[in-house]
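Novice: Structure file model-v9.cif, mmCIF, C-alpha atoms and all ligand atoms, is pasted below:
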data_input
loop_
_atom_site.label_atom_id
_atom_site.label_comp_id
_atom_site.auth_asym_id
_atom_site.auth_seq_id
_atom_site.Cartn_x
_atom_site.Cartn_y
_atom_site.Cartn_z
CA MET I 1 -38.56 -27.79 0.02
CA GLN I 2 -38.22 -26.79 -3.62
CA ALA I 3 -34.68 -25.93 -4.67
CA GLY I 4 -35.64 -22.63 -6.31
CA LYS I 5 -33.51 -20.02 -8.00
CA ILE I 6 -30.63 -18.63 -6.00
CA PHE I 7 -28.63 -15.58 -7.04
CA LEU I 8 -25.18 -15.66 -5.42
CA LEU I 9 -22.84 -12.69 -5.35
CA THR I 10 -19.25 -13.28 -4.25
CA GLY I 11 -16.44 -10.85 -3.51
CA ALA I 12 -12.76 -10.74 -2.73
CA GLY I 13 -13.19 -12.28 0.75
CA ILE I 14 -14.04 -15.67 -0.74
CA SER I 15 -10.52 -15.89 -2.16
CA ALA I 16 -8.80 -14.45 0.93
CA GLU I 17 -8.18 -17.85 2.51
CA SER I 18 -6.68 -19.02 -0.79
CA GLY I 19 -4.03 -16.36 -0.28
CA LEU I 20 -5.35 -13.55 -2.50
CA SER I 21 -5.52 -10.32 -0.58
CA THR I 22 -8.80 -8.45 -0.51
CA PHE I 23 -9.32 -4.91 -1.50
CA ARG I 24 -9.48 -3.14 1.81
CA ASP I 25 -8.22 -5.54 4.43
CA LYS I 26 -5.22 -4.35 6.40
CA GLY I 27 -1.90 -5.38 4.89
CA GLY I 28 -3.71 -6.09 1.61
CA LEU I 29 -2.25 -5.70 -1.78
CA TRP I 30 -4.12 -2.50 -2.39
CA GLU I 31 -2.39 -0.72 0.47
CA GLN I 32 0.83 -1.13 -1.48
CA TYR I 33 -0.48 0.49 -4.64
CA ASN I 34 -2.24 3.66 -5.63
CA ILE I 35 -5.52 2.33 -7.01
CA GLU I 36 -5.98 5.28 -9.34
CA GLU I 37 -2.62 4.54 -10.95
CA VAL I 38 -3.05 0.81 -11.51
CA ALA I 39 -6.79 0.24 -11.79
CA SER I 40 -8.34 3.07 -13.76
CA LEU I 41 -8.51 4.03 -17.41
CA ARG I 42 -6.78 7.31 -16.54
CA GLY I 43 -3.93 5.40 -14.88
CA TYR I 44 -3.61 3.16 -17.93
CA GLU I 45 -3.54 6.07 -20.35
CA ALA I 46 -0.92 7.85 -18.22
CA ASN I 47 1.36 4.85 -17.76
CA PRO I 48 0.25 1.68 -19.58
CA SER I 49 3.47 -0.25 -18.82
CA LYS I 50 2.98 0.20 -15.09
CA VAL I 51 -0.61 -1.06 -15.27
CA LEU I 52 0.34 -4.07 -17.43
CA GLU I 53 3.14 -4.85 -14.98
CA PHE I 54 0.72 -4.72 -12.04
CA TYR I 55 -1.61 -7.23 -13.69
CA ASN I 56 1.30 -9.42 -14.85
CA LEU I 57 2.30 -9.74 -11.19
CA ARG I 58 -1.29 -10.61 -10.26
CA ARG I 59 -1.58 -13.20 -13.02
CA ASN I 60 1.72 -14.82 -12.10
CA SER I 61 0.85 -15.02 -8.41
CA HIS I 62 -2.63 -16.43 -9.08
CA GLY I 63 -1.19 -19.57 -10.70
CA ASP I 64 -0.04 -20.88 -7.32
CA VAL I 65 -3.22 -20.31 -5.38
CA LYS I 66 -5.89 -22.96 -5.00
CA PRO I 67 -9.64 -22.80 -4.46
CA ASN I 68 -10.72 -23.18 -0.84
CA ALA I 69 -13.66 -24.91 0.84
CA ALA I 70 -15.98 -21.98 0.09
CA HIS I 71 -15.37 -22.17 -3.68
CA PHE I 72 -15.82 -25.96 -3.60
CA ALA I 73 -19.05 -25.67 -1.61
CA LEU I 74 -20.60 -23.26 -4.15
CA ALA I 75 -19.65 -25.63 -6.98
CA GLU I 76 -21.27 -28.45 -5.03
CA LEU I 77 -24.43 -26.38 -4.60
CA GLU I 78 -24.63 -25.72 -8.35
CA ALA I 79 -24.20 -29.44 -9.10
CA ALA I 80 -26.81 -30.40 -6.51
CA TRP I 81 -29.33 -27.74 -7.53
CA ALA I 82 -30.02 -28.53 -11.20
CA PRO I 83 -31.18 -32.15 -10.65
CA ARG I 84 -33.56 -30.79 -7.99
CA GLY I 85 -35.12 -28.40 -10.47
CA GLY I 86 -33.36 -25.33 -9.10
CA GLU I 87 -30.99 -22.84 -10.65
CA ILE I 88 -27.89 -21.11 -9.36
CA THR I 89 -26.57 -17.85 -10.78
CA LEU I 90 -23.06 -17.28 -9.51
CA CYS I 91 -21.98 -13.70 -10.08
CA THR I 92 -18.53 -12.79 -8.85
CA GLN I 93 -16.70 -9.50 -8.50
CA ASN I 94 -13.45 -11.43 -8.51
CA ILE I 95 -11.14 -11.52 -11.47
CA ASP I 96 -9.47 -14.76 -10.34
CA ASN I 97 -10.66 -18.12 -11.70
CA LEU I 98 -10.99 -19.99 -8.41
CA HIS I 99 -14.74 -20.60 -8.80
CA GLU I 100 -14.11 -22.31 -12.14
CA ARG I 101 -11.16 -24.25 -10.77
CA ALA I 102 -13.38 -25.51 -7.93
CA GLY I 103 -15.86 -26.83 -10.50
CA SER I 104 -18.46 -24.07 -10.88
CA ARG I 105 -19.64 -24.29 -14.47
CA ARG I 106 -21.47 -21.04 -15.02
CA VAL I 107 -19.78 -17.99 -13.54
CA ILE I 108 -20.58 -14.38 -14.41
CA HIS I 109 -17.45 -12.26 -13.94
CA MET I 110 -18.92 -8.78 -13.66
CA HIS I 111 -15.47 -7.24 -13.18
CA GLY I 112 -13.74 -9.27 -15.87
CA GLU I 113 -11.13 -11.99 -15.78
CA LEU I 114 -7.41 -11.87 -15.21
CA GLY I 115 -6.99 -14.80 -17.60
CA LYS I 116 -8.26 -12.79 -20.57
CA VAL I 117 -6.98 -9.85 -22.55
CA ARG I 118 -8.90 -7.26 -24.51
CA CYS I 119 -7.76 -5.08 -27.37
CA HIS I 120 -8.13 -1.43 -26.42
CA ASP I 121 -8.51 -0.60 -30.13
CA CYS I 122 -11.00 -3.15 -31.49
CA GLY I 123 -12.42 -4.75 -28.32
CA ASP I 124 -11.44 -8.31 -29.27
CA ILE I 125 -11.27 -10.58 -26.19
CA THR I 126 -8.99 -13.62 -25.98
CA ALA I 127 -7.78 -16.02 -23.31
CA ALA I 128 -4.16 -15.39 -22.36
CA ASP I 129 -2.03 -16.54 -19.49
CA GLY I 130 1.29 -14.98 -20.45
CA ASP I 131 2.63 -11.54 -19.57
CA LEU I 132 1.24 -8.52 -21.37
CA SER I 133 3.51 -5.86 -22.83
CA LEU I 134 3.28 -2.89 -25.16
CA ALA I 135 5.21 -4.89 -27.76
CA LEU I 136 2.35 -7.35 -28.29
CA GLY I 137 -0.09 -7.06 -31.16
CA CYS I 138 -3.79 -7.86 -31.43
CA ALA I 139 -4.55 -11.04 -33.41
CA ALA I 140 -7.82 -9.52 -34.67
CA CYS I 141 -6.88 -5.99 -35.80
CA GLY I 142 -3.09 -6.19 -35.86
CA ARG I 143 -2.54 -3.04 -33.78
CA ILE I 144 0.54 -3.15 -31.55
CA GLY I 145 0.50 -1.99 -27.94
CA GLY I 146 -3.24 -1.99 -27.31
CA LEU I 147 -3.69 -5.26 -25.43
CA ARG I 148 -4.95 -4.68 -21.89
CA PRO I 149 -6.22 -7.00 -19.17
CA HIS I 150 -9.91 -7.84 -19.55
CA VAL I 151 -10.75 -6.37 -16.16
CA VAL I 152 -13.16 -3.61 -15.22
CA TRP I 153 -11.33 -0.60 -13.85
CA PHE I 154 -12.68 2.13 -11.63
CA GLY I 155 -14.87 4.38 -13.71
CA GLU I 156 -15.68 1.61 -16.22
CA ALA I 157 -19.03 -0.13 -16.52
CA PRO I 158 -19.33 -3.66 -15.08
CA LEU I 159 -19.95 -6.47 -17.56
CA GLU I 160 -23.10 -8.50 -18.27
CA MET I 161 -25.42 -6.24 -16.32
CA ASP I 162 -28.47 -7.22 -18.40
CA ALA I 163 -27.99 -10.93 -17.67
CA ILE I 164 -27.30 -10.11 -14.01
CA PHE I 165 -30.46 -8.07 -13.49
CA GLU I 166 -32.58 -10.59 -15.36
CA ALA I 167 -31.32 -13.41 -13.10
CA LEU I 168 -31.67 -11.23 -10.01
CA ALA I 169 -35.26 -10.28 -10.84
CA GLY I 170 -36.21 -13.94 -11.25
CA ALA I 171 -34.49 -15.19 -8.10
CA ASP I 172 -36.17 -16.69 -5.03
CA LEU I 173 -33.21 -15.89 -2.79
CA PHE I 174 -30.31 -13.43 -2.96
CA VAL I 175 -27.11 -14.38 -1.12
CA SER I 176 -24.15 -12.05 -0.90
CA THR I 177 -20.92 -13.49 0.38
CA ALA I 178 -17.46 -12.18 1.25
CA THR I 179 -17.99 -8.72 -0.18
CA SER I 180 -17.74 -5.41 1.66
CA GLY I 181 -20.77 -3.82 0.01
CA ALA I 182 -18.64 -0.78 -0.77
CA VAL I 183 -18.13 -1.17 -4.51
CA TYR I 184 -21.10 -0.24 -6.70
CA ARG I 185 -22.89 -1.64 -8.74
CA ALA I 186 -22.61 -4.95 -6.91
CA ALA I 187 -23.29 -3.16 -3.63
CA GLY I 188 -26.68 -2.12 -5.02
CA PHE I 189 -27.90 -5.67 -5.73
CA VAL I 190 -29.28 -6.21 -2.24
CA ALA I 191 -31.49 -3.12 -2.51
CA ALA I 192 -32.70 -4.26 -5.94
CA ALA I 193 -33.51 -7.72 -4.54
CA ARG I 194 -35.35 -6.21 -1.59
CA SER I 195 -37.48 -3.96 -3.71
CA ALA I 196 -38.41 -6.99 -5.83
CA GLY I 197 -39.54 -8.75 -2.64
CA ILE I 198 -36.74 -11.34 -2.74
CA PRO I 199 -35.38 -12.60 0.60
CA THR I 200 -31.77 -11.55 1.15
CA MET I 201 -28.91 -12.99 3.16
CA GLU I 202 -25.28 -12.15 3.69
CA ILE I 203 -22.48 -14.49 4.67
CA ASN I 204 -19.42 -12.46 5.56
CA LEU I 205 -16.54 -12.23 7.98
CA GLU I 206 -18.11 -9.16 9.54
CA PRO I 207 -21.17 -7.00 8.83
CA SER I 208 -20.80 -5.37 5.41
CA ASP I 209 -21.44 -1.69 4.75
CA ASN I 210 -25.05 -2.45 3.86
CA ALA I 211 -25.64 -5.15 6.49
CA GLY I 212 -28.88 -3.44 7.52
CA LEU I 213 -30.49 -4.32 4.17
CA PHE I 214 -30.23 -8.10 4.62
CA ASP I 215 -33.06 -10.18 6.11
CA LEU I 216 -30.61 -12.77 7.40
CA ALA I 217 -26.90 -12.77 8.15
CA ARG I 218 -24.23 -15.24 9.10
CA TYR I 219 -20.78 -14.19 10.12
CA GLY I 220 -17.65 -16.28 9.95
CA LYS I 221 -14.78 -17.26 7.69
CA ALA I 222 -15.93 -18.10 4.17
CA SER I 223 -14.23 -21.52 4.31
CA GLU I 224 -16.47 -22.48 7.23
CA ALA I 225 -19.65 -20.41 6.92
CA VAL I 226 -20.24 -21.08 3.21
CA PRO I 227 -19.88 -24.90 3.34
CA ALA I 228 -22.09 -24.99 6.45
CA TRP I 229 -24.83 -23.02 4.66
CA VAL I 230 -24.53 -25.13 1.49
CA ALA I 231 -24.82 -28.36 3.50
CA GLU I 232 -28.01 -27.03 5.14
CA MET I 233 -29.49 -25.99 1.81
CA ILE I 234 -28.81 -29.37 0.21
CA LYS I 235 -30.30 -31.15 3.21
CA LEU I 236 -33.40 -28.93 3.14
CA ALA I 237 -33.87 -29.53 -0.59
CA GLY I 238 -33.82 -33.29 0.10
P1 LIG I 301 -13.47 -5.92 -0.48
O1 LIG I 301 -12.02 -6.11 -0.29
O2 LIG I 301 -14.01 -4.55 -0.54
O3 LIG I 301 -14.21 -6.69 0.71
C1 LIG I 301 -13.82 -7.97 1.10
C2 LIG I 301 -14.84 -8.49 2.08
O4 LIG I 301 -14.48 -9.82 2.40
C3 LIG I 301 -14.88 -7.70 3.41
O5 LIG I 301 -16.22 -7.50 3.77
C4 LIG I 301 -14.19 -8.65 4.39
O6 LIG I 301 -14.74 -8.56 5.69
C5 LIG I 301 -14.53 -10.00 3.79
N1 LIG I 301 -13.58 -11.06 4.11
C6 LIG I 301 -12.24 -10.98 4.28
N2 LIG I 301 -11.74 -12.18 4.57
C7 LIG I 301 -12.78 -13.05 4.60
C8 LIG I 301 -12.92 -14.44 4.86
N3 LIG I 301 -11.87 -15.21 5.14
N4 LIG I 301 -14.15 -14.98 4.81
C9 LIG I 301 -15.25 -14.22 4.52
N5 LIG I 301 -15.19 -12.91 4.27
C10 LIG I 301 -13.97 -12.33 4.31
O7 LIG I 301 -13.86 -6.76 -1.76
P2 LIG I 301 -15.12 -6.69 -2.73
O8 LIG I 301 -16.33 -6.39 -1.94
O9 LIG I 301 -15.06 -7.91 -3.55
O10 LIG I 301 -14.85 -5.44 -3.68
C11 LIG I 301 -13.58 -5.03 -4.05
C12 LIG I 301 -13.21 -5.05 -5.50
O11 LIG I 301 -11.86 -5.52 -5.61
C13 LIG I 301 -14.00 -5.92 -6.39
O12 LIG I 301 -14.34 -5.13 -7.45
C14 LIG I 301 -13.08 -7.03 -6.86
O13 LIG I 301 -13.19 -7.15 -8.27
C15 LIG I 301 -11.70 -6.53 -6.58
N6 LIG I 301 -10.76 -7.56 -6.05
C16 LIG I 301 -10.76 -8.83 -6.56
C17 LIG I 301 -9.90 -9.81 -6.02
C18 LIG I 301 -9.90 -11.21 -6.62
O14 LIG I 301 -10.21 -11.36 -7.78
N7 LIG I 301 -9.56 -12.23 -5.83
C19 LIG I 301 -9.05 -9.47 -4.97
C20 LIG I 301 -9.08 -8.15 -4.49
C21 LIG I 301 -9.95 -7.21 -5.04
ZN ZN I 302 -7.59 -5.31 -31.88
#
What is this file in structure tokens?
Specialist:
Amino acid sequence: MQAGKIFLLTGAGISAESGLSTFRDKGGLWEQYNIEEVASLRGYEANPSKVLEFYNLRRNSHGDVKPNAAHFALAELEAAWAPRGGEITLCTQNIDNLHERAGSRRVIHMHGELGKVRCHDCGDITAADGDLSLALGCAACGRIGGLRPHVVWFGEAPLEMDAIFEALAGADLFVSTATSGAVYRAAGFVAAARSAGIPTMEINLEPSDNAGLFDLARYGKASEAVPAWVAEMIKLAG
């Protein structure tokens, strides 16, 4: 079998077994916060310190977590695919860096990255692992107080959509894993793949909101279901 081009979409569930709570799961982080207050432009404009504090807590807690078997398996797939003439596009909704830490080399973060900051005034993006505060200034424009996390908030446009749709249109297989299918635009990728005639599959703990749109589905914990699928794909590709 030819390796082909695979478009992979991952969501919060892939990091759940690493200890990062998902968006909607019971007992999750998001039950403890009002999303509108901490993850929207309106919330930031109303109370920037509170929003910076929320992401400082996230950033500090992410340092201790480690990639799990699902992240490692996707990195292994990427490494195995190129020598076989195939191509993997890994597009994640996650703002953590566990895919990179597992060894994935090319990751599209459509919802941004917790390890980067962006200047609200001039748009300059830099890597940063320290706490953000209103006392900090932008290295590019010098303005004080405008540094925000480089994450996409509710009501903001996801990043790299042109690259994403180009890769999606050219794919031979679309695989969605560990995402609820509730957050658009990512939730719309399966319909786009279908209308382009691309086979679709989901690997999730339980059927996602748009489970009916997938040709194939596998249900189980990401740390088991994803490595099992990757092992099969590598074996098939020979
Ligand atoms: P979601 O919380 O809406 O859905 C998580 C999905 O993962 C659910 O379908 C759930 O059944 C599944 N899941 C839970 N545990 C799993 C496991 N062990 N194995 C396999 N699947 C499992 O998350 P989403 O669809 O990614 O969308 C929510 C938004 O929240 C995204 O925009 C994302 O950026 C953001 N978010 C990111 C992180 C992160 O960066 N780690 C964490 C929470 C939320
Ligand atoms: Zn600036």
Novice: Let me have the centre and edge lengths in Å, one decimal, of the box along x, y and z around every listed atom of ligand LIG 301 (chain I) with 8 Å of margin on each side, as AutoDock Vina command-line options.
Specialist:
--center_x -12.7 --center_y -9.9 --center_z -1.3 --size_x 23.3 --size_y 26.7 --size_z 30.0
Novice: One decimal, Å: what's the distance from CA of Gly238 in chain I over to CA of Ser15 in chain I, could you say?
Specialist: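 The value is 29.2 Å.
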Novice: With distances taken over only C-alpha atoms and all ligand atoms, which of I:Ser133, I:Thr200, I:Thr10, I:Ser195 is nearest to ligand LIG 301 (chain I)?
Specialist: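 Closest to ligand LIG 301 (chain I), using only C-alpha atoms and all ligand atoms: I:Thr10.
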Novice: Using CA of Lys116 in chain I and CA of Leu74 in chain I as the two end points, give the distance in Å to one decimal.
Specialist: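 Separation between CA of Lys116 in chain I and CA of Leu74 in chain I: 23.1 Å.
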Novice: Tell me which protein, DNA and RNA residues are within 10 Å of Cys141 in chain I, counting only C-alpha atoms, leaving out same-chain ones fewer than 5 positions away, and put them as a VMD selection string.
Specialist: chain I and resid 119 121 to 124
Novice: Which residues of chain I sit at most 12 Å from ligand ZN 302 (chain I), using only C-alpha atoms and all ligand atoms? Give each one's shortest atom pair and distance in Å (one decimal place), in chain and ascending residue order, as CSV.
Specialist:
residue,atom,partner,partner_atom,distance
I:Val117,CA,I:ZN302,ZN,10.4
I:Arg118,CA,I:ZN302,ZN,7.7
I:Cys119,CA,I:ZN302,ZN,4.5
I:His120,CA,I:ZN302,ZN,6.7
I:Asp121,CA,I:ZN302,ZN,5.1
I:Cys122,CA,I:ZN302,ZN,4.1
I:Gly123,CA,I:ZN302,ZN,6.0
I:Asp124,CA,I:ZN302,ZN,5.5
I:Ile125,CA,I:ZN302,ZN,8.6
I:Thr126,CA,I:ZN302,ZN,10.3
I:Leu136,CA,I:ZN302,ZN,10.8
I:Gly137,CA,I:ZN302,ZN,7.7
I:Cys138,CA,I:ZN302,ZN,4.6
I:Ala139,CA,I:ZN302,ZN,6.7
I:Ala140,CA,I:ZN302,ZN,5.1
I:Cys141,CA,I:ZN302,ZN,4.0
I:Gly142,CA,I:ZN302,ZN,6.1
I:Arg143,CA,I:ZN302,ZN,5.9
I:Ile144,CA,I:ZN302,ZN,8.4
I:Gly145,CA,I:ZN302,ZN,9.6
I:Gly146,CA,I:ZN302,ZN,7.1
I:Leu147,CA,I:ZN302,ZN,7.5
I:Arg148,CA,I:ZN302,ZN,10.4
Novice: Between CA of His150 in chain I and CA of Ile95 in chain I, what is the distance in Å, rounded to a tenth?
Specialist: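 CA of His150 in chain I sits 9.0 Å away from CA of Ile95 in chain I.
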Novice: Using all atoms listed in the file, determine which residues lie at most 7 Å from range 62-70 of chain I, disregarding the query and same-chain residues fewer than 3 positions distant; provide the list as a list in words.
Specialist: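 The neighbour list is Ile14, Glu17, Ser18, Gly19, Arg58, Arg59, Ala73, Leu74, Leu98, Arg101, Ala102, Ala222, Ser223, Val226 and Pro227 of chain I.
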Novice: Choose the residue, out of I:Ser61, I:Thr22, I:Thr89, I:Asn56, that has the smallest atom-to-atom separation from ligand LIG 301 (chain I); count all atoms listed in the file.
Specialist: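 That would be I:Thr22, the residue with the smallest distance to ligand LIG 301 (chain I).
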Novice: Compile the contact shell of Arg218 in chain I as an NGL selection string: residues with an atom at most 12 Å away, counting only C-alpha atoms, same-chain residues fewer than 2 positions apart removed.
Specialist: :I and (175-178 or 200-208 or 211 or 214-216 or 220-222 or 224-226 or 228-229)
Novice: Excluding Trp153 in chain I and its own-chain neighbours fewer than 4 positions away, which residues fall within 10 Å of it when counting only C-alpha atoms? Please give them as number ranges by chain.
Specialist: I: 35-36, 38-44, 111-112, 149, 157-158
Novice: Ranking I:Ala217, I:Ala3, I:Ile198, I:Ala169 by minimum distance to Trp81 in chain I and counting all atoms listed in the file, which one comes first?
Specialist: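 Among I:Ala217, I:Ala3, I:Ile198, I:Ala169, it is I:Ala3 that comes nearest to Trp81 in chain I.
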Novice: Near Ile164 in chain I, within 9 Å and counting all atoms listed in the file, which residues show up once chain neighbours fewer than 3 positions away are dropped, as a PyMOL selection string?
Specialist: chain I and resi 7+89+91+108+110+159-161+167-169
Novice: Would you write out those residues with C-alpha atoms, as an mmCIF file, keeping the file's coordinate frame?
Specialist:
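Saved file result-v8.cif follows:
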data_model
loop_
_atom_site.group_PDB
_atom_site.id
_atom_site.type_symbol
_atom_site.label_atom_id
_atom_site.label_comp_id
_atom_site.auth_asym_id
_atom_site.auth_seq_id
_atom_site.Cartn_x
_atom_site.Cartn_y
_atom_site.Cartn_z
ATOM 1 C CA PHE I 7 -28.630 -15.580 -7.040
ATOM 2 C CA THR I 89 -26.570 -17.850 -10.780
ATOM 3 C CA CYS I 91 -21.980 -13.700 -10.080
ATOM 4 C CA ILE I 108 -20.580 -14.380 -14.410
ATOM 5 C CA MET I 110 -18.920 -8.780 -13.660
ATOM 6 C CA LEU I 159 -19.950 -6.470 -17.560
ATOM 7 C CA GLU I 160 -23.100 -8.500 -18.270
ATOM 8 C CA MET I 161 -25.420 -6.240 -16.320
ATOM 9 C CA ALA I 167 -31.320 -13.410 -13.100
ATOM 10 C CA LEU I 168 -31.670 -11.230 -10.010
ATOM 11 C CA ALA I 169 -35.260 -10.280 -10.840
#
Novice: Check the smallest atom-to-atom distance from each of I:Ala135, I:Leu20, I:Ala82, I:Met233 to ligand LIG 301 (chain I) using only C-alpha atoms and all ligand atoms, then report the winner.
Specialist: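 Nearest candidate to ligand LIG 301 (chain I) out of I:Ala135, I:Leu20, I:Ala82, I:Met233: I:Leu20.
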Novice: Between I:Glu113, I:Glu232, I:Glu53, I:Glu78, which one has atoms that come closest to Leu134 in chain I, using all atoms listed in the file?
Specialist: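 Checking each of I:Glu113, I:Glu232, I:Glu53, I:Glu78 against Leu134 in chain I, counting all atoms listed in the file, the winner is I:Glu53.
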Novice: Counting all atoms listed in the file, which of I:Leu77, I:Leu57, I:Ala186, I:Leu90 gets nearest to ligand LIG 301 (chain I)?
Specialist: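 When distances to ligand LIG 301 (chain I) are compared using all atoms listed in the file, the smallest one comes from I:Ala186.
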Novice: Missing atoms in range 159-176 of chain I need filling: write out N, CA, C and O atoms for it as a PDB file, in the frame of the given file.
Specialist:
ATOM      1  N   LEU I 159     -19.550  -5.654 -16.418  1.00  0.00           N
ATOM      2  CA  LEU I 159     -19.950  -6.470 -17.560  1.00  0.00           C
ATOM      3  C   LEU I 159     -21.250  -7.242 -17.266  1.00  0.00           C
ATOM      4  O   LEU I 159     -21.545  -7.519 -16.102  1.00  0.00           O
ATOM      5  N   GLU I 160     -21.941  -7.599 -18.346  1.00  0.00           N
ATOM      6  CA  GLU I 160     -23.100  -8.500 -18.270  1.00  0.00           C
ATOM      7  C   GLU I 160     -24.219  -8.035 -17.343  1.00  0.00           C
ATOM      8  O   GLU I 160     -24.887  -8.858 -16.708  1.00  0.00           O
ATOM      9  N   MET I 161     -24.413  -6.741 -17.254  1.00  0.00           N
ATOM     10  CA  MET I 161     -25.420  -6.240 -16.320  1.00  0.00           C
ATOM     11  C   MET I 161     -26.845  -6.660 -16.704  1.00  0.00           C
ATOM     12  O   MET I 161     -27.680  -6.871 -15.829  1.00  0.00           O
ATOM     13  N   ASP I 162     -27.116  -6.810 -18.014  1.00  0.00           N
ATOM     14  CA  ASP I 162     -28.470  -7.220 -18.400  1.00  0.00           C
ATOM     15  C   ASP I 162     -28.762  -8.631 -17.903  1.00  0.00           C
ATOM     16  O   ASP I 162     -29.818  -8.895 -17.307  1.00  0.00           O
ATOM     17  N   ALA I 163     -27.804  -9.540 -18.121  1.00  0.00           N
ATOM     18  CA  ALA I 163     -27.990 -10.930 -17.670  1.00  0.00           C
ATOM     19  C   ALA I 163     -28.097 -10.974 -16.148  1.00  0.00           C
ATOM     20  O   ALA I 163     -28.899 -11.730 -15.584  1.00  0.00           O
ATOM     21  N   ILE I 164     -27.300 -10.140 -15.480  1.00  0.00           N
ATOM     22  CA  ILE I 164     -27.300 -10.110 -14.010  1.00  0.00           C
ATOM     23  C   ILE I 164     -28.667  -9.672 -13.491  1.00  0.00           C
ATOM     24  O   ILE I 164     -29.268 -10.330 -12.640  1.00  0.00           O
ATOM     25  N   PHE I 165     -29.188  -8.563 -14.024  1.00  0.00           N
ATOM     26  CA  PHE I 165     -30.460  -8.070 -13.490  1.00  0.00           C
ATOM     27  C   PHE I 165     -31.635  -8.969 -13.861  1.00  0.00           C
ATOM     28  O   PHE I 165     -32.593  -9.085 -13.099  1.00  0.00           O
ATOM     29  N   GLU I 166     -31.519  -9.646 -14.997  1.00  0.00           N
ATOM     30  CA  GLU I 166     -32.580 -10.590 -15.360  1.00  0.00           C
ATOM     31  C   GLU I 166     -32.589 -11.751 -14.359  1.00  0.00           C
ATOM     32  O   GLU I 166     -33.647 -12.147 -13.854  1.00  0.00           O
ATOM     33  N   ALA I 167     -31.407 -12.295 -14.051  1.00  0.00           N
ATOM     34  CA  ALA I 167     -31.320 -13.410 -13.100  1.00  0.00           C
ATOM     35  C   ALA I 167     -31.747 -12.958 -11.700  1.00  0.00           C
ATOM     36  O   ALA I 167     -32.449 -13.677 -10.985  1.00  0.00           O
ATOM     37  N   LEU I 168     -31.336 -11.750 -11.342  1.00  0.00           N
ATOM     38  CA  LEU I 168     -31.670 -11.230 -10.010  1.00  0.00           C
ATOM     39  C   LEU I 168     -33.192 -11.059  -9.868  1.00  0.00           C
ATOM     40  O   LEU I 168     -33.778 -11.448  -8.851  1.00  0.00           O
ATOM     41  N   ALA I 169     -33.813 -10.525 -10.906  1.00  0.00           N
ATOM     42  CA  ALA I 169     -35.260 -10.280 -10.840  1.00  0.00           C
ATOM     43  C   ALA I 169     -36.053 -11.587 -10.723  1.00  0.00           C
ATOM     44  O   ALA I 169     -37.127 -11.618 -10.121  1.00  0.00           O
ATOM     45  N   GLY I 170     -35.485 -12.675 -11.268  1.00  0.00           N
ATOM     46  CA  GLY I 170     -36.210 -13.940 -11.250  1.00  0.00           C
ATOM     47  C   GLY I 170     -35.835 -14.835 -10.073  1.00  0.00           C
ATOM     48  O   GLY I 170     -36.302 -15.971  -9.975  1.00  0.00           O
ATOM     49  N   ALA I 171     -34.991 -14.335  -9.177  1.00  0.00           N
ATOM     50  CA  ALA I 171     -34.490 -15.190  -8.100  1.00  0.00           C
ATOM     51  C   ALA I 171     -35.496 -15.341  -6.959  1.00  0.00           C
ATOM     52  O   ALA I 171     -36.349 -14.483  -6.734  1.00  0.00           O
ATOM     53  N   ASP I 172     -35.364 -16.464  -6.235  1.00  0.00           N
ATOM     54  CA  ASP I 172     -36.170 -16.690  -5.030  1.00  0.00           C
ATOM     55  C   ASP I 172     -35.382 -16.332  -3.772  1.00  0.00           C
ATOM     56  O   ASP I 172     -35.945 -16.239  -2.690  1.00  0.00           O
ATOM     57  N   LEU I 173     -34.064 -16.203  -3.926  1.00  0.00           N
ATOM     58  CA  LEU I 173     -33.210 -15.890  -2.790  1.00  0.00           C
ATOM     59  C   LEU I 173     -31.947 -15.198  -3.302  1.00  0.00           C
ATOM     60  O   LEU I 173     -31.368 -15.623  -4.303  1.00  0.00           O
ATOM     61  N   PHE I 174     -31.550 -14.133  -2.613  1.00  0.00           N
ATOM     62  CA  PHE I 174     -30.310 -13.430  -2.960  1.00  0.00           C
ATOM     63  C   PHE I 174     -29.315 -13.620  -1.822  1.00  0.00           C
ATOM     64  O   PHE I 174     -29.625 -13.326  -0.668  1.00  0.00           O
ATOM     65  N   VAL I 175     -28.137 -14.157  -2.152  1.00  0.00           N
ATOM     66  CA  VAL I 175     -27.110 -14.380  -1.120  1.00  0.00           C
ATOM     67  C   VAL I 175     -25.833 -13.662  -1.530  1.00  0.00           C
ATOM     68  O   VAL I 175     -25.302 -13.876  -2.619  1.00  0.00           O
ATOM     69  N   SER I 176     -25.367 -12.805  -0.639  1.00  0.00           N
ATOM     70  CA  SER I 176     -24.150 -12.050  -0.900  1.00  0.00           C
ATOM     71  C   SER I 176     -23.072 -12.575   0.033  1.00  0.00           C
ATOM     72  O   SER I 176     -23.296 -12.690   1.238  1.00  0.00           O
TER      73      SER I 176
END
